[in-house]
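Engineer: Quick one, model-v4.cif (mmCIF, C-alpha atoms):
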data_work
#
loop_
_atom_site.label_atom_id
_atom_site.label_comp_id
_atom_site.auth_asym_id
_atom_site.auth_seq_id
_atom_site.Cartn_x
_atom_site.Cartn_y
_atom_site.Cartn_z
CA MET T 277 0.00 0.00 0.00
CA GLN T 278 1.22 3.45 -0.79
CA PHE T 279 0.79 6.37 1.55
CA ILE T 280 1.49 10.07 1.26
CA ILE T 281 2.64 11.93 4.34
CA ILE T 282 2.40 15.70 4.44
CA ALA T 283 3.94 17.00 7.64
CA TYR T 284 4.27 20.58 8.80
CA ASP T 285 6.87 21.91 11.20
CA GLY T 286 5.99 23.87 14.29
CA LYS T 287 5.85 27.62 13.85
CA ASP T 288 7.33 28.54 17.20
CA GLU T 289 10.65 30.29 17.74
CA GLY T 290 12.62 27.03 18.20
CA ALA T 291 11.19 25.21 15.17
CA LEU T 292 14.12 25.80 12.82
CA GLN T 293 16.67 24.86 15.47
CA ARG T 294 14.84 21.57 16.16
CA ARG T 295 14.76 20.80 12.42
CA LEU T 296 18.46 21.50 12.00
CA ALA T 297 19.37 19.47 15.09
CA VAL T 298 17.93 16.24 13.65
CA ARG T 299 18.14 16.94 9.91
CA ASP T 300 21.13 14.64 9.28
CA ALA T 301 19.43 11.78 11.14
CA HIS T 302 16.22 12.40 9.17
CA LEU T 303 18.10 12.32 5.84
CA GLN T 304 20.01 9.17 6.81
CA SER T 305 16.76 7.46 7.80
CA ALA T 306 15.10 8.57 4.56
CA GLN T 307 18.01 7.27 2.50
CA LYS T 308 17.76 3.85 4.19
CA MET T 309 14.03 3.79 3.55
CA TYR T 310 14.62 4.72 -0.10
CA GLU T 311 17.29 2.03 -0.54
CA SER T 312 14.93 -0.55 0.96
CA GLY T 313 12.20 0.43 -1.51
CA LYS T 314 9.83 1.77 1.14
CA LEU T 315 10.35 5.48 0.39
CA LEU T 316 9.37 6.31 -3.17
CA TYR T 317 9.59 10.11 -3.20
CA ALA T 318 10.30 12.93 -0.79
CA ALA T 319 10.42 16.71 -0.89
CA GLY T 320 10.79 19.60 1.48
CA ILE T 321 7.92 22.08 1.67
CA TYR T 322 8.86 25.75 1.63
CA ASP T 323 6.79 28.63 2.96
CA ASP T 324 6.26 31.90 1.09
CA GLY T 325 9.39 33.33 2.71
CA GLY T 326 11.59 30.57 1.28
CA TRP T 327 12.06 28.68 4.57
CA LEU T 328 11.57 24.95 4.99
CA SER T 329 8.29 24.47 6.78
CA GLY T 330 7.49 20.79 6.29
CA SER T 331 7.94 17.62 4.30
CA MET T 332 6.12 15.44 1.77
CA MET T 333 6.98 11.75 1.55
CA ILE T 334 5.41 8.88 -0.37
CA PHE T 335 5.90 5.40 1.08
CA ASP T 336 5.13 1.83 0.15
CA PHE T 337 4.36 -0.19 3.28
CA PRO T 338 2.42 -3.45 3.61
CA SER T 339 -0.05 -1.77 6.00
CA ARG T 340 -0.88 1.47 7.77
CA LYS T 341 0.14 -0.23 11.02
CA LYS T 342 3.68 -0.75 9.65
CA LEU T 343 3.84 2.87 8.52
CA ASP T 344 2.69 4.08 11.94
CA SER T 345 5.30 1.87 13.61
CA TRP T 346 8.07 3.36 11.49
CA LEU T 347 6.76 6.88 12.02
CA LYS T 348 7.33 6.54 15.78
CA THR T 349 11.08 6.36 15.05
CA GLU T 350 11.26 9.12 12.41
CA PRO T 351 13.72 11.79 13.64
CA TYR T 352 11.40 14.68 12.76
CA VAL T 353 8.75 13.04 14.97
CA THR T 354 11.04 12.11 17.86
CA GLY T 355 12.80 15.49 17.56
CA ASN T 356 9.47 17.33 17.82
CA VAL T 357 9.92 18.99 14.42
CA TRP T 358 6.69 17.92 12.74
CA ARG T 359 3.68 19.29 14.61
CA GLU T 360 0.94 18.42 12.10
CA ILE T 361 1.03 15.16 10.14
CA LYS T 362 -1.51 14.19 7.50
CA ILE T 363 -1.46 10.65 6.12
CA ASN T 364 -3.53 9.38 3.22
CA ARG T 365 -3.49 6.24 1.14
CA ALA T 366 -2.22 7.03 -2.32
CA GLN T 367 -1.22 5.40 -5.58
CA VAL T 368 1.72 6.69 -7.59
CA ALA T 369 0.93 6.74 -11.28
CA PRO T 370 2.64 3.82 -13.09
CA PHE T 371 4.47 6.14 -15.50
CA CYS T 372 6.15 7.84 -12.50
CA THR T 373 7.55 4.59 -11.12
CA GLY T 374 8.90 3.15 -14.35
CA ASN T 375 6.14 0.51 -14.38
CA LYS T 376 3.97 0.43 -17.48
#
Output the structure of this file as structure tokens.
Structural biologist:
Amino acid sequence: MQFIIIAYDGKDEGALQRRLAVRDAHLQSAQKMYESGKLLYAAGIYDDGGWLSGSMMIFDFPSRKKLDSWLKTEPYVTGNVWREIKINRAQVAPFCTGNK
């Protein structure tokens, strides 16, 4: 099953510092997920001022329960970066994945 996560950072004064503090761990985790085939796509979300304000990630997990289990270990969750997380089932178009 594919899922899209759209997650927004906190807007408080310490939000950017929290993001930067765990950014390397987040990117390392994302790379491992990508190499394992679970992470299909990812992008940072920028606000109108040009600052990172969230993330978009598309995953392929066998179930929502497995996704939720992984999410508990995601550095932007454990580091209190993401304050609002939206998760929906999704389906990447076949022409975007190389499948025809």
Engineer: Which of these residues is nearest to Leu328 in chain T, using all atoms listed in the file: T:Phe371, T:Lys362, T:Val357, T:Leu315?
Structural biologist: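 Looking only at the distances to Leu328 in chain T, the closest residue turns out to be T:Val357.
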Engineer: Quick one: residues within 8 Å of Ile361 in chain T, only C-alpha atoms, excluding same-chain residues fewer than 2 positions away - as a list in words?
Structural biologist: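 Neighbouring residues, sequence-local ones excluded: Ile281, Ile282, Ala283, Tyr284, Trp358, Arg359 and Ile363 of chain T.
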Engineer: Translate the PyMOL selection byres ((chain T and resi 352) around 8) into a concrete residue list for this structure, as a PyMOL selection string.
Structural biologist: chain T and resi 295+298-299+302+350-351+353-358
Engineer: Rounded to one decimal, what separation in Å do you get between CA of Asn364 in chain T and CA of Gly326 in chain T?
Structural biologist: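 If I compute the distance from CA of Asn364 in chain T to CA of Gly326 in chain T, I get 26.1 Å.
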Engineer: Measuring atom to atom with only C-alpha atoms, identify which of T:Ser331, T:Asp285, T:Asp324, T:Ala366 is nearest to Leu303 in chain T.
Structural biologist: T:Ser331
Engineer: Residues picked by the PyMOL selection byres ((chain T and resi 373) around 12) here, as a list in words?
Structural biologist: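 Applying the PyMOL selection byres ((chain T and resi 373) around 12) to the structure shown produces Gly313, Leu315, Leu316, Tyr317, Ile334, Asp336, Gln367, Val368, Ala369, Pro370, Phe371, Cys372, Gly374, Asn375 and Lys376 of chain T.
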Engineer: Choose the residue, out of T:Lys342, T:Lys287, T:Ala297, T:Phe337, that has the smallest atom-to-atom separation from Lys314 in chain T; count all atoms listed in the file.
Structural biologist: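 Looking only at the distances to Lys314 in chain T, the closest residue turns out to be T:Phe337.
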Engineer: Just give me the gap between CA of Arg294 in chain T and CA of Ser339 in chain T in Å, one decimal is fine.
Structural biologist: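 We find that CA of Arg294 in chain T and CA of Ser339 in chain T lie 29.5 Å from each other.
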Engineer: What separation in Å, quoted to one decimal, exists between CA of Glu360 in chain T and CA of Gln304 in chain T?
Structural biologist: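 That distance, rounded to one decimal, is 21.8 Å.
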Engineer: Taking the file as shown, what set of residues would the PyMOL selection byres ((chain T and resi 320) around 7) give back, as a VMD selection string?
Structural biologist: chain T and resid 319 321 to 322 328 330 to 332
